[in-house]
Amino acid sequence: MAGEVRRLLVVEHERNAPAGLLGPWAAGRGLGCRTVRPGEQPLPAGASGYAGVVVLGSEQTAFDDTVPWLGAELSLVASAVGDGVPVLGICFGGQVLARVLGARLYRLPEPEIGWVTLASRHPGVPPGPWLAWHRDAFELPPGAVALASGGASLPAYAAGPHVGVQFHPEATEPIADSWGQAVDPPPSAGQAARLRAGWAGAAERTAADATTLFSAWLDGALAAPLAAREPGQRLGR
């Protein structure tokens, strides 16, 4: 329909883990955002009609099927993948997408909290440094392509128009500060010092890198061939 605003569907799991830098980027692209919170409201069954789906971070574990809303979220992402609606999974969201695509998820020996510089394999994924804050990780989904290496685990992959990243391109310093205040146990003194040092003078670079990544995802610049898979593989671990 002429004049209709294209929208992203944004899945936000916790109030202190919002879309952050994704918001101004989307506005600059003329995109609206519909935010849904699976712990507070039912998720839509599919994403038909949206320009893309962004699944944000969470304190939860993407392979813990006791999480009440996880099944509905896996179904939503599987529906988007099946319909060819581009999905961007960030941290927990990247794990959800990887699981839908048939990858194994696993717990790291210890959480990775800090700045990670990547060895990028695509200009649409700047090397950073990027903020990492996670205790779980994903393996490369079947048929997907690694977009970078670096850090404690695989940091980024593409499968068709869908992209999963283990770091946080959306994060701002206030958002990261709120995570440090909420997490138990809190970051160690060394981690906290490295976080503060990393934010010094990083605001413009982080926003520019996030814009590059978000645009490369939505424009299909990161797209990689998506291998055929049996329907039963979509919800593999």
# chains A, B, ... in the order shown; residues from 1 in each chain; ligands from 1
>>> residues_around(residues="Gly94 of chain A", least_positions_apart="6", cutoff="9 Å", atoms="only C-alpha atoms", output="PyMOL selection string")
chain A and resi 55-57+88+137-138+156-157+163-166
>>> write_last_selection(atoms="C-alpha atoms", output="tab-separated table (two decimals), in the first residue's frame")
chain	number	residue	atom	x	y	z
A	55	VAL	CA	15.57	-10.96	18.48
A	56	LEU	CA	17.46	-9.29	21.33
A	57	GLY	CA	19.44	-10.57	24.30
A	88	LEU	CA	18.79	-10.78	13.05
A	137	ALA	CA	27.22	-19.89	22.76
A	138	PHE	CA	26.29	-21.46	19.44
A	156	ALA	CA	28.75	-14.26	13.84
A	157	TYR	CA	27.20	-16.31	11.05
A	163	VAL	CA	22.28	-13.34	10.66
A	164	GLY	CA	23.21	-14.30	14.21
A	165	VAL	CA	25.78	-12.47	16.30
A	166	GLN	CA	27.04	-13.32	19.78
>>> residues_around(residues="segment 61-66 of chain A", least_positions_apart="4", cutoff="7 Å", atoms="only C-alpha atoms", output="NGL selection string")
:A and (70 or 92 or 95-96 or 105 or 237)
>>> write_last_selection(atoms="C-alpha atoms", output="PDB file, in the first residue's frame")
ATOM      1  CA  LEU A  70      10.722 -20.121  24.550  1.00  0.00           C
ATOM      2  CA  PHE A  92      20.457 -14.851  23.058  1.00  0.00           C
ATOM      3  CA  GLN A  95      21.369 -18.596  19.900  1.00  0.00           C
ATOM      4  CA  VAL A  96      17.622 -18.918  19.257  1.00  0.00           C
ATOM      5  CA  LEU A 105      24.047 -24.543  21.792  1.00  0.00           C
ATOM      6  CA  ARG A 237      19.920 -28.041  19.652  1.00  0.00           C
TER       7      ARG A 237
END
>>> atom_distance(atom1="atom CA of Ser75 of chain A", atom2="atom CA of Pro142 of chain A")
18.6 Å
>>> closest_residue(among="A:His122, A:His134, A:His13, A:Arg104", to="Ser149 of chain A", atoms="only C-alpha atoms")
A:His122
>>> residues_around(residues="Pro174 of chain A", least_positions_apart="4", cutoff="10 Å", atoms="only C-alpha atoms", output="list in words")
Asn16, Gly20, Ser178, Trp179 and Gly180 of chain A
>>> closest_residue(among="A:Phe167, A:Ser215, A:Val100, A:Ala78", to="Gly28 of chain A", atoms="only C-alpha atoms")
A:Ser215
>>> residues_around(residues="Gly23 of chain A", least_positions_apart="3", cutoff="9 Å", atoms="only C-alpha atoms", output="ChimeraX atom specification")
/A:19-20,26-28,32-33,170
>>> write_last_selection(atoms="C-alpha atoms", output="PDB file, in the first residue's frame")
ATOM      1  CA  ALA A  19      16.864  -2.197  21.079  1.00  0.00           C
ATOM      2  CA  GLY A  20      19.321   0.602  21.877  1.00  0.00           C
ATOM      3  CA  ALA A  26      15.679   2.050  11.965  1.00  0.00           C
ATOM      4  CA  ALA A  27      14.271   5.577  12.125  1.00  0.00           C
ATOM      5  CA  GLY A  28      16.990   6.740   9.747  1.00  0.00           C
ATOM      6  CA  GLY A  32       8.935   1.565  12.240  1.00  0.00           C
ATOM      7  CA  CYS A  33       9.473  -0.921  15.066  1.00  0.00           C
ATOM      8  CA  GLU A 170      22.743  -2.547  19.892  1.00  0.00           C
TER       9      GLU A 170
END
>>> residues_around(residues="Pro141 of chain A", least_positions_apart="6", cutoff="7 Å", atoms="only C-alpha atoms", output="PyMOL selection string")
chain A and resi 98+101-103
>>> write_last_selection(atoms="N, CA and C atoms", output="CSV table (one decimal), in the first residue's frame")
chain,number,residue,atom,x,y,z
A,98,ALA,N,20.2,-19.8,15.8
A,98,ALA,CA,21.1,-21.0,15.6
A,98,ALA,C,20.3,-22.3,15.9
A,101,LEU,N,18.0,-23.2,13.3
A,101,LEU,CA,18.7,-23.7,12.1
A,101,LEU,C,19.4,-25.0,12.3
A,102,GLY,N,19.2,-25.6,13.5
A,102,GLY,CA,19.8,-26.9,13.7
A,102,GLY,C,21.1,-27.0,14.4
A,103,ALA,N,21.6,-25.9,14.9
A,103,ALA,CA,22.9,-25.9,15.5
A,103,ALA,C,22.9,-26.3,17.0
>>> select_by_dssp(residues="segment 48-202 of chain A", states="helix (DSSP H, G or I)", output="number ranges by chain")
A: 70-83, 92-100, 173-182, 189-199
>>> select_by_dssp(residues="segment 43-207 of chain A", states="strand (DSSP E)", output="PyMOL selection string")
chain A and resi 52-55+87-90+105-116+119-120+130-138+145-149+156-159+162-165
>>> atom_distance(atom1="atom CA of Ala51 of chain A", atom2="atom CA of Pro126 of chain A")
23.1 Å
>>> closest_residue(among="A:Ala119, A:Ala158, A:Ala192, A:Ala171", to="Ala210 of chain A", atoms="only C-alpha atoms")
A:Ala171
>>> residues_around(residues="Arg121 of chain A", least_positions_apart="6", cutoff="8 Å", atoms="only C-alpha atoms", output="list in words")
Ala146, Leu147 and Ala148 of chain A
>>> write_last_selection(atoms="N, CA and C atoms", output="PDB file, in the first residue's frame")
ATOM      1  N   ALA A 146      30.370 -18.720   8.489  1.00  0.00           N
ATOM      2  CA  ALA A 146      30.921 -17.875   9.552  1.00  0.00           C
ATOM      3  C   ALA A 146      31.309 -16.521   8.977  1.00  0.00           C
ATOM      4  N   LEU A 147      30.896 -15.461   9.649  1.00  0.00           N
ATOM      5  CA  LEU A 147      31.194 -14.099   9.199  1.00  0.00           C
ATOM      6  C   LEU A 147      32.417 -13.514   9.878  1.00  0.00           C
ATOM      7  N   ALA A 148      32.884 -14.134  10.949  1.00  0.00           N
ATOM      8  CA  ALA A 148      34.025 -13.605  11.700  1.00  0.00           C
ATOM      9  C   ALA A 148      34.496 -14.676  12.665  1.00  0.00           C
TER      10      ALA A 148
END
